[in-house]
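S.K.: See data-v2.pdb below, with PDB, C-alpha atoms, pLDDT in the B column.
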ATOM      1  CA  MET D 277      16.358   5.952  -4.888  1.00 94.00           C
ATOM      2  CA  ILE D 278      13.074   4.243  -5.759  1.00 97.00           C
ATOM      3  CA  VAL D 279       9.481   5.320  -6.285  1.00 97.00           C
ATOM      4  CA  ASN D 280       6.730   3.309  -4.571  1.00 98.00           C
ATOM      5  CA  ILE D 281       3.375   3.553  -6.345  1.00 98.00           C
ATOM      6  CA  CYS D 282       0.298   2.413  -4.415  1.00 98.00           C
ATOM      7  CA  PHE D 283      -3.095   1.462  -5.861  1.00 98.00           C
ATOM      8  CA  HIS D 284      -6.297   0.785  -3.926  1.00 97.00           C
ATOM      9  CA  GLY D 285      -9.066  -0.230  -6.296  1.00 97.00           C
ATOM     10  CA  ILE D 286      -9.134  -0.776 -10.058  1.00 98.00           C
ATOM     11  CA  GLY D 287     -12.246  -0.179 -12.146  1.00 97.00           C
ATOM     12  CA  GLU D 288     -15.444   1.206 -10.665  1.00 93.00           C
ATOM     13  CA  CYS D 289     -16.089   1.452  -6.933  1.00 94.00           C
ATOM     14  CA  ALA D 290     -19.545  -0.135  -6.793  1.00 89.00           C
ATOM     15  CA  GLN D 291     -20.173   0.835  -3.169  1.00 89.00           C
ATOM     16  CA  GLU D 292     -18.059   2.874  -0.814  1.00 92.00           C
ATOM     17  CA  ARG D 293     -17.365   1.199   2.512  1.00 90.00           C
ATOM     18  CA  GLU D 294     -15.882   4.448   3.802  1.00 90.00           C
ATOM     19  CA  PRO D 295     -16.583   8.058   2.789  1.00 92.00           C
ATOM     20  CA  GLY D 296     -14.290   9.102  -0.051  1.00 93.00           C
ATOM     21  CA  GLU D 297     -13.160   5.573  -0.941  1.00 95.00           C
ATOM     22  CA  ALA D 298     -14.086   5.983  -4.627  1.00 96.00           C
ATOM     23  CA  ARG D 299     -11.488   8.740  -4.928  1.00 96.00           C
ATOM     24  CA  TYR D 300      -8.766   6.097  -4.698  1.00 97.00           C
ATOM     25  CA  TRP D 301     -10.088   3.836  -7.456  1.00 98.00           C
ATOM     26  CA  MET D 302      -8.345   4.116 -10.830  1.00 98.00           C
ATOM     27  CA  LYS D 303     -10.128   3.324 -14.080  1.00 98.00           C
ATOM     28  CA  GLU D 304      -9.030   0.026 -15.576  1.00 98.00           C
ATOM     29  CA  ASP D 305      -7.828   1.429 -18.895  1.00 98.00           C
ATOM     30  CA  VAL D 306      -5.727   4.062 -17.117  1.00 98.00           C
ATOM     31  CA  PHE D 307      -4.312   1.447 -14.760  1.00 98.00           C
ATOM     32  CA  LEU D 308      -3.240  -0.785 -17.656  1.00 98.00           C
ATOM     33  CA  ARG D 309      -1.498   2.097 -19.384  1.00 98.00           C
ATOM     34  CA  VAL D 310       0.227   3.078 -16.138  1.00 98.00           C
ATOM     35  CA  LEU D 311       1.587  -0.464 -15.857  1.00 98.00           C
ATOM     36  CA  ASP D 312       2.853  -0.238 -19.422  1.00 98.00           C
ATOM     37  CA  SER D 313       4.596   3.042 -18.610  1.00 97.00           C
ATOM     38  CA  VAL D 314       6.525   1.607 -15.632  1.00 97.00           C
ATOM     39  CA  ALA D 315       7.075  -1.942 -16.866  1.00 97.00           C
ATOM     40  CA  ASP D 316      10.700  -1.311 -17.795  1.00 95.00           C
ATOM     41  CA  ARG D 317      11.619   0.745 -14.713  1.00 96.00           C
ATOM     42  CA  PRO D 318      13.442  -1.196 -11.981  1.00 96.00           C
ATOM     43  CA  ASP D 319      13.290   1.896  -9.757  1.00 97.00           C
ATOM     44  CA  VAL D 320       9.480   1.620  -9.466  1.00 98.00           C
ATOM     45  CA  ARG D 321       7.829  -0.701  -6.950  1.00 98.00           C
ATOM     46  CA  LEU D 322       4.104  -1.413  -6.957  1.00 98.00           C
ATOM     47  CA  SER D 323       1.720  -2.152  -4.113  1.00 98.00           C
ATOM     48  CA  PHE D 324      -2.021  -2.539  -3.549  1.00 98.00           C
ATOM     49  CA  ASP D 325      -3.853  -1.643  -0.332  1.00 98.00           C
ATOM     50  CA  ASP D 326      -7.218  -2.727   1.143  1.00 98.00           C
ATOM     51  CA  GLY D 327      -7.525  -6.126  -0.552  1.00 98.00           C
ATOM     52  CA  ASN D 328     -10.308  -5.286  -2.987  1.00 98.00           C
ATOM     53  CA  ARG D 329     -11.471  -7.972  -5.418  1.00 97.00           C
ATOM     54  CA  SER D 330     -10.054  -5.994  -8.308  1.00 98.00           C
ATOM     55  CA  ASP D 331      -6.588  -6.995  -7.051  1.00 98.00           C
ATOM     56  CA  ALA D 332      -7.255 -10.566  -8.149  1.00 98.00           C
ATOM     57  CA  ASP D 333      -9.689  -9.948 -11.007  1.00 98.00           C
ATOM     58  CA  ILE D 334      -7.842  -7.129 -12.796  1.00 98.00           C
ATOM     59  CA  ALA D 335      -4.454  -6.376 -11.280  1.00 98.00           C
ATOM     60  CA  LEU D 336      -3.043  -9.898 -11.064  1.00 98.00           C
ATOM     61  CA  PRO D 337      -3.624 -10.861 -14.736  1.00 98.00           C
ATOM     62  CA  ALA D 338      -2.271  -7.481 -15.853  1.00 98.00           C
ATOM     63  CA  LEU D 339       0.856  -7.834 -13.741  1.00 98.00           C
ATOM     64  CA  ARG D 340       1.523 -11.354 -14.955  1.00 98.00           C
ATOM     65  CA  GLU D 341       1.054 -10.348 -18.577  1.00 98.00           C
ATOM     66  CA  ARG D 342       3.797  -7.737 -18.164  1.00 98.00           C
ATOM     67  CA  GLY D 343       6.114  -9.820 -16.007  1.00 98.00           C
ATOM     68  CA  LEU D 344       5.674  -7.477 -13.038  1.00 98.00           C
ATOM     69  CA  THR D 345       5.423  -8.197  -9.328  1.00 98.00           C
ATOM     70  CA  ALA D 346       3.795  -6.256  -6.510  1.00 98.00           C
ATOM     71  CA  THR D 347       3.061  -6.395  -2.807  1.00 98.00           C
ATOM     72  CA  PHE D 348      -0.582  -6.719  -1.708  1.00 98.00           C
ATOM     73  CA  PHE D 349      -1.775  -5.423   1.655  1.00 98.00           C
ATOM     74  CA  PRO D 350      -5.221  -6.919   2.467  1.00 98.00           C
ATOM     75  CA  LEU D 351      -7.247  -6.458   5.643  1.00 98.00           C
ATOM     76  CA  ALA D 352      -7.638  -9.471   7.910  1.00 98.00           C
ATOM     77  CA  GLY D 353     -11.131  -8.374   8.907  1.00 97.00           C
ATOM     78  CA  ARG D 354     -12.382  -8.468   5.313  1.00 97.00           C
ATOM     79  CA  LEU D 355     -11.300 -11.954   4.281  1.00 97.00           C
ATOM     80  CA  ASP D 356     -14.913 -13.157   4.406  1.00 94.00           C
ATOM     81  CA  ASP D 357     -16.237 -10.087   2.573  1.00 95.00           C
ATOM     82  CA  ALA D 358     -17.443 -10.896  -0.950  1.00 94.00           C
ATOM     83  CA  ALA D 359     -16.038  -7.597  -2.243  1.00 96.00           C
ATOM     84  CA  SER D 360     -12.581  -8.401  -0.894  1.00 97.00           C
ATOM     85  CA  LEU D 361      -9.820 -10.941  -1.355  1.00 98.00           C
ATOM     86  CA  GLY D 362     -10.289 -14.290   0.362  1.00 98.00           C
ATOM     87  CA  ALA D 363      -7.778 -16.889   1.461  1.00 98.00           C
ATOM     88  CA  GLY D 364      -7.806 -18.558  -1.960  1.00 98.00           C
ATOM     89  CA  ASP D 365      -7.035 -15.260  -3.646  1.00 98.00           C
ATOM     90  CA  LEU D 366      -4.108 -14.598  -1.332  1.00 98.00           C
ATOM     91  CA  ARG D 367      -2.658 -18.018  -2.120  1.00 98.00           C
ATOM     92  CA  ALA D 368      -3.134 -17.402  -5.827  1.00 98.00           C
ATOM     93  CA  LEU D 369      -1.269 -14.109  -5.523  1.00 98.00           C
ATOM     94  CA  LYS D 370       1.536 -15.799  -3.618  1.00 98.00           C
ATOM     95  CA  GLY D 371       1.677 -18.616  -6.189  1.00 98.00           C
ATOM     96  CA  ALA D 372       2.057 -16.025  -8.950  1.00 98.00           C
ATOM     97  CA  GLY D 373       5.143 -14.565  -7.268  1.00 98.00           C
ATOM     98  CA  MET D 374       3.454 -11.665  -5.497  1.00 98.00           C
ATOM     99  CA  SER D 375       4.188 -10.665  -1.905  1.00 98.00           C
ATOM    100  CA  ILE D 376       1.544 -10.457   0.826  1.00 98.00           C
ATOM    101  CA  GLY D 377       1.744  -7.890   3.615  1.00 98.00           C
ATOM    102  CA  SER D 378      -0.615  -6.679   6.337  1.00 98.00           C
ATOM    103  CA  HIS D 379      -2.909  -3.652   6.285  1.00 98.00           C
ATOM    104  CA  GLY D 380      -4.201  -4.536   9.729  1.00 98.00           C
ATOM    105  CA  TRP D 381      -7.620  -5.762  10.760  1.00 98.00           C
ATOM    106  CA  ASP D 382     -10.239  -3.016  10.535  1.00 95.00           C
ATOM    107  CA  HIS D 383      -8.799  -0.243   8.323  1.00 95.00           C
ATOM    108  CA  VAL D 384      -8.421   2.172  11.195  1.00 96.00           C
ATOM    109  CA  PRO D 385      -5.623   4.721  11.684  1.00 95.00           C
ATOM    110  CA  TRP D 386      -2.613   3.294  13.490  1.00 96.00           C
ATOM    111  CA  ARG D 387      -2.195   6.407  15.586  1.00 93.00           C
ATOM    112  CA  GLY D 388      -3.046   6.517  19.289  1.00 91.00           C
ATOM    113  CA  LEU D 389      -3.917   2.809  19.470  1.00 93.00           C
ATOM    114  CA  SER D 390      -4.508   1.192  22.841  1.00 94.00           C
ATOM    115  CA  PRO D 391      -2.347  -1.854  23.650  1.00 94.00           C
ATOM    116  CA  ALA D 392      -5.298  -4.155  22.874  1.00 96.00           C
ATOM    117  CA  ASP D 393      -6.046  -2.460  19.556  1.00 96.00           C
ATOM    118  CA  ALA D 394      -2.370  -2.474  18.613  1.00 96.00           C
ATOM    119  CA  ASP D 395      -2.179  -6.215  19.301  1.00 97.00           C
ATOM    120  CA  ARG D 396      -5.207  -6.795  17.067  1.00 97.00           C
ATOM    121  CA  GLU D 397      -3.876  -4.631  14.234  1.00 98.00           C
ATOM    122  CA  PHE D 398      -0.225  -5.669  14.335  1.00 97.00           C
ATOM    123  CA  VAL D 399      -0.204  -9.223  15.684  1.00 97.00           C
ATOM    124  CA  ALA D 400      -3.612 -10.871  15.285  1.00 98.00           C
ATOM    125  CA  ALA D 401      -4.077  -9.483  11.777  1.00 98.00           C
ATOM    126  CA  ARG D 402      -0.655 -10.723  10.709  1.00 98.00           C
ATOM    127  CA  THR D 403      -1.336 -14.204  12.111  1.00 98.00           C
ATOM    128  CA  THR D 404      -4.704 -14.424  10.349  1.00 98.00           C
ATOM    129  CA  LEU D 405      -3.298 -13.226   7.026  1.00 98.00           C
ATOM    130  CA  ALA D 406      -0.303 -15.549   7.263  1.00 98.00           C
ATOM    131  CA  GLU D 407      -2.586 -18.539   7.789  1.00 98.00           C
ATOM    132  CA  ALA D 408      -4.902 -17.452   4.966  1.00 98.00           C
ATOM    133  CA  ALA D 409      -2.067 -16.875   2.499  1.00 98.00           C
ATOM    134  CA  ASP D 410       0.121 -19.722   3.734  1.00 97.00           C
ATOM    135  CA  ALA D 411       2.942 -17.192   3.727  1.00 97.00           C
ATOM    136  CA  GLU D 412       5.170 -15.353   6.162  1.00 97.00           C
ATOM    137  CA  ILE D 413       4.008 -11.761   6.654  1.00 98.00           C
ATOM    138  CA  THR D 414       6.972  -9.413   7.100  1.00 98.00           C
ATOM    139  CA  GLU D 415       5.644  -6.130   5.661  1.00 98.00           C
ATOM    140  CA  ALA D 416       2.909  -3.733   6.741  1.00 98.00           C
ATOM    141  CA  ALA D 417       1.252  -0.638   5.267  1.00 98.00           C
ATOM    142  CA  PHE D 418      -0.341   2.139   7.315  1.00 97.00           C
ATOM    143  CA  PRO D 419      -4.098   2.453   6.760  1.00 96.00           C
ATOM    144  CA  LEU D 420      -5.123   5.989   5.799  1.00 91.00           C
ATOM    145  CA  GLY D 421      -1.491   7.068   5.968  1.00 86.00           C
ATOM    146  CA  ARG D 422      -1.665   7.904   9.678  1.00 87.00           C
ATOM    147  CA  TYR D 423       0.957   6.893  12.202  1.00 91.00           C
ATOM    148  CA  ASP D 424       2.986   8.082  15.149  1.00 92.00           C
ATOM    149  CA  ARG D 425       6.116   7.205  17.095  1.00 91.00           C
ATOM    150  CA  SER D 426       4.278   4.619  19.180  1.00 94.00           C
ATOM    151  CA  ALA D 427       3.020   2.753  16.097  1.00 95.00           C
ATOM    152  CA  LEU D 428       6.505   2.676  14.601  1.00 95.00           C
ATOM    153  CA  ARG D 429       7.970   1.340  17.838  1.00 95.00           C
ATOM    154  CA  ARG D 430       5.322  -1.365  18.131  1.00 96.00           C
ATOM    155  CA  LEU D 431       5.777  -2.451  14.528  1.00 97.00           C
ATOM    156  CA  LYS D 432       9.507  -2.780  15.023  1.00 96.00           C
ATOM    157  CA  SER D 433       8.965  -4.741  18.216  1.00 95.00           C
ATOM    158  CA  ALA D 434       6.546  -7.034  16.359  1.00 96.00           C
ATOM    159  CA  GLY D 435       9.323  -7.864  13.902  1.00 97.00           C
ATOM    160  CA  TYR D 436       8.060  -6.265  10.681  1.00 98.00           C
ATOM    161  CA  ARG D 437      10.963  -5.922   8.252  1.00 98.00           C
ATOM    162  CA  THR D 438       9.467  -3.147   6.097  1.00 98.00           C
ATOM    163  CA  VAL D 439       6.683  -0.639   6.765  1.00 98.00           C
ATOM    164  CA  TYR D 440       5.029   1.535   4.122  1.00 98.00           C
ATOM    165  CA  THR D 441       3.525   5.004   4.499  1.00 96.00           C
ATOM    166  CA  SER D 442       1.652   7.324   2.130  1.00 93.00           C
ATOM    167  CA  ASP D 443       4.075  10.221   2.552  1.00 93.00           C
ATOM    168  CA  ARG D 444       4.735  10.875  -1.159  1.00 92.00           C
ATOM    169  CA  PHE D 445       8.480  11.087  -1.574  1.00 92.00           C
ATOM    170  CA  ARG D 446      11.206   8.846  -2.915  1.00 94.00           C
ATOM    171  CA  ALA D 447      12.655   6.111  -0.726  1.00 95.00           C
ATOM    172  CA  ARG D 448      15.961   4.357  -0.275  1.00 95.00           C
ATOM    173  CA  PRO D 449      15.614   0.754  -1.503  1.00 96.00           C
ATOM    174  CA  ARG D 450      16.625  -0.819   1.818  1.00 96.00           C
ATOM    175  CA  SER D 451      14.957   1.601   4.236  1.00 97.00           C
ATOM    176  CA  TRP D 452      12.752   0.074   6.921  1.00 97.00           C
ATOM    177  CA  LEU D 453      10.230   2.905   6.462  1.00 97.00           C
ATOM    178  CA  GLN D 454       9.140   3.279   2.836  1.00 97.00           C
ATOM    179  CA  ALA D 455       7.211   6.306   1.573  1.00 96.00           C
ATOM    180  CA  ARG D 456       4.717   5.747  -1.249  1.00 97.00           C
ATOM    181  CA  TYR D 457       2.649   7.744  -3.729  1.00 97.00           C
ATOM    182  CA  SER D 458      -1.018   6.714  -3.644  1.00 96.00           C
ATOM    183  CA  VAL D 459      -2.727   7.229  -6.992  1.00 97.00           C
ATOM    184  CA  THR D 460      -6.306   8.459  -7.237  1.00 96.00           C
ATOM    185  CA  SER D 461      -9.166   8.504  -9.722  1.00 97.00           C
ATOM    186  CA  ALA D 462      -7.888  11.874 -10.952  1.00 96.00           C
ATOM    187  CA  ASP D 463      -4.502  10.489 -11.954  1.00 97.00           C
ATOM    188  CA  THR D 464      -3.533   9.771 -15.536  1.00 97.00           C
ATOM    189  CA  VAL D 465      -0.575   8.124 -17.214  1.00 97.00           C
ATOM    190  CA  GLU D 466       0.931  11.589 -17.550  1.00 96.00           C
ATOM    191  CA  THR D 467       0.625  12.470 -13.850  1.00 95.00           C
ATOM    192  CA  VAL D 468       2.093   9.138 -12.776  1.00 96.00           C
ATOM    193  CA  THR D 469       4.912   9.552 -15.286  1.00 95.00           C
ATOM    194  CA  ARG D 470       5.702  12.953 -13.796  1.00 93.00           C
ATOM    195  CA  ILE D 471       5.936  11.355 -10.352  1.00 93.00           C
ATOM    196  CA  VAL D 472       8.237   8.617 -11.592  1.00 95.00           C
ATOM    197  CA  ARG D 473      10.495  10.808 -13.716  1.00 91.00           C
ATOM    198  CA  GLY D 474      10.327  14.028 -11.733  1.00 82.00           C
ATOM    199  CA  ARG D 475      13.122  15.404  -9.649  1.00 69.00           C
ATOM    200  CA  PRO D 476      12.679  15.971  -5.910  1.00 60.00           C
ATOM    201  CA  GLY D 477      11.506  19.514  -5.241  1.00 54.00           C
ATOM    202  CA  LEU D 478       9.834  21.750  -2.674  1.00 50.00           C
ATOM    203  CA  HIS D 479       6.734  19.573  -2.493  1.00 62.00           C
ATOM    204  CA  GLU D 480       8.723  16.458  -1.582  1.00 66.00           C
ATOM    205  CA  ALA D 481      10.720  18.500   0.939  1.00 51.00           C
ATOM    206  CA  ARG D 482       7.471  19.457   2.666  1.00 66.00           C
ATOM    207  CA  ASN D 483       6.400  15.815   2.699  1.00 60.00           C
ATOM    208  CA  LEU D 484       9.725  14.795   4.217  1.00 54.00           C
ATOM    209  CA  LEU D 485       9.217  17.363   6.967  1.00 51.00           C
ATOM    210  CA  ALA D 486       5.658  16.140   7.599  1.00 53.00           C
ATOM    211  CA  SER D 487       6.952  12.567   7.865  1.00 58.00           C
ATOM    212  CA  ALA D 488       9.558  13.664  10.409  1.00 53.00           C
ATOM    213  CA  VAL D 489       6.811  15.261  12.501  1.00 50.00           C
ATOM    214  CA  LYS D 490       4.779  12.044  12.416  1.00 64.00           C
ATOM    215  CA  ARG D 491       7.800  10.020  13.537  1.00 58.00           C
ATOM    216  CA  MET D 492       8.368  12.265  16.533  1.00 59.00           C
ATOM    217  CA  ARG D 493       4.824  12.877  17.806  1.00 54.00           C
TER     218      ARG D 493
END
Translate the structure of the given file into structure tokens.
M.R.:
Amino acid sequence: MIVNICFHGIGECAQEREPGEARYWMKEDVFLRVLDSVADRPDVRLSFDDGNRSDADIALPALRERGLTATFFPLAGRLDDAASLGAGDLRALKGAGMSIGSHGWDHVPWRGLSPADADREFVAARTTLAEAADAEITEAAFPLGRYDRSALRRLKSAGYRTVYTSDRFRARPRSWLQARYSVTSADTVETVTRIVRGRPGLHEARNLLASAVKRMR
């Protein structure tokens, strides 16, 4: 089994684009120590959602310094946003051995989407990101952790090889649907270490059940 750890922003959130966004930004010094704590663990995989500038400015140099790789999930609709990654940043990430996935277009929940909205989030966003990164996009991550049976079916039909949730339990390395643990501003090296080293318990069992409900609704 593996543990997927997901980051959103590193450093200080200068301005929230959505209510509560700052809660998912981790202080830079804590982030660096978290990387140090997992650097020698092949059972830990790292990812970054939302495509904030800190991915390129802070995360990329830190990953390279430690010989680590990660998957980055930017938003196609924010490529021209000064606070977000641009096409050049995506190509720099790819050139450094990182993977690029899709977080969709507008950072909206992928639950209850109309056919037109689903096409924009799953197809148009992937095409735009692939052109910007000059890379094939085969992975996707659910914005806000919300999904349903219809979204899963559409993602499979669109040909995504791996899809990531925020369901907070361990995952099988080759599973199409990968649960992740999203860290927050309240997390420390110690709390992340407990996630990585901890044994599955009642809390993870509840999360597994919640994931099953999402897959069926």
S.K.: Can you work out the spacing between CA of Ala411 (chain D) and CA of Trp386 (chain D) in Å, to one decimal?
M.R.: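 Distance reported for this atom pair: 23.4 Å.
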S.K.: For each of D:Thr467, D:Ser390, D:Thr441, D:Ser461, take the minimum atom-to-atom distance to Asp305 (chain D), counting only C-alpha atoms, then give the residue where this is smallest.
M.R.: D:Ser461
S.K.: Which region 333-440 of chain D residues have any atom within 10 Å of an atom of region 278-300 of chain D, and for each, what is the nearest pair of atoms with distance in Å to one decimal, counting all atoms listed in the file, rows sorted by chain and number, as a Markdown table?
M.R.:
| residue | atom | partner | partner_atom | distance |
| --- | --- | --- | --- | --- |
| D:Asp333 | CA | D:Ile286 | CA | 9.2 |
| D:Ile334 | CA | D:Ile286 | CA | 7.0 |
| D:Ala335 | CA | D:Ile286 | CA | 7.4 |
| D:Ala346 | CA | D:Cys282 | CA | 9.6 |
| D:Thr347 | CA | D:Cys282 | CA | 9.4 |
| D:Phe348 | CA | D:Phe283 | CA | 9.5 |
| D:Phe349 | CA | D:His284 | CA | 9.5 |
| D:Ala359 | CA | D:Ala290 | CA | 9.4 |
| D:His383 | CA | D:Glu294 | CA | 9.6 |
| D:Tyr440 | CA | D:Asn280 | CA | 9.0 |
S.K.: Could you tell me which residues the PyMOL selection byres ((chain D and resi 447) around 7) returns for this structure, as a list in words?
M.R.: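 Those residues are Met277, Ile278, Val279, Phe445, Arg446, Arg448, Pro449, Gln454 and Ala455 of chain D.
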S.K.: Pick from D:Ala462, D:Leu351, D:Leu420, D:Leu389: nearest to Asp443 (chain D), with all atoms listed in the file counted?
M.R.: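 Looking only at the distances to Asp443 (chain D), the closest residue turns out to be D:Leu420.
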S.K.: Which residue gives the smallest distance to Leu339 (chain D) among D:Pro419, D:Gly435, D:Gly474, D:Gly373, with only C-alpha atoms counted?
M.R.: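 For Leu339 (chain D), the nearest of the candidates is D:Gly373.
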S.K.: Write out as JSON, numbers by chain the residues lying within 9 Å of Ala416 (chain D), counting all atoms listed in the file and excluding same-chain residues fewer than 6 positions away.
M.R.: {"D": [349, 377, 378, 379, 380, 398, 402, 431, 436, 437, 438, 439, 440]}
S.K.: Could you list, as a ChimeraX atom specification, every residue within 12 Å of Arg354 (chain D), counting all atoms listed in the file and ignoring same-chain residues fewer than 6 positions away?
M.R.: /D:293,326-329,360-363,378-383,401,404-405,408
S.K.: Let me make sure I understand: among D:Ser323, D:Ser313, D:Ser426, D:Ser375, which one has the smallest atom-to-atom distance to Tyr457 (chain D) if we use only C-alpha atoms?
M.R.: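 For Tyr457 (chain D), the nearest of the candidates is D:Ser323.
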S.K.: Between CA of Met374 (chain D) and CA of Val314 (chain D), measure the distance and give it in Å to one decimal.
M.R.: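 It comes out at 17.0 Å.
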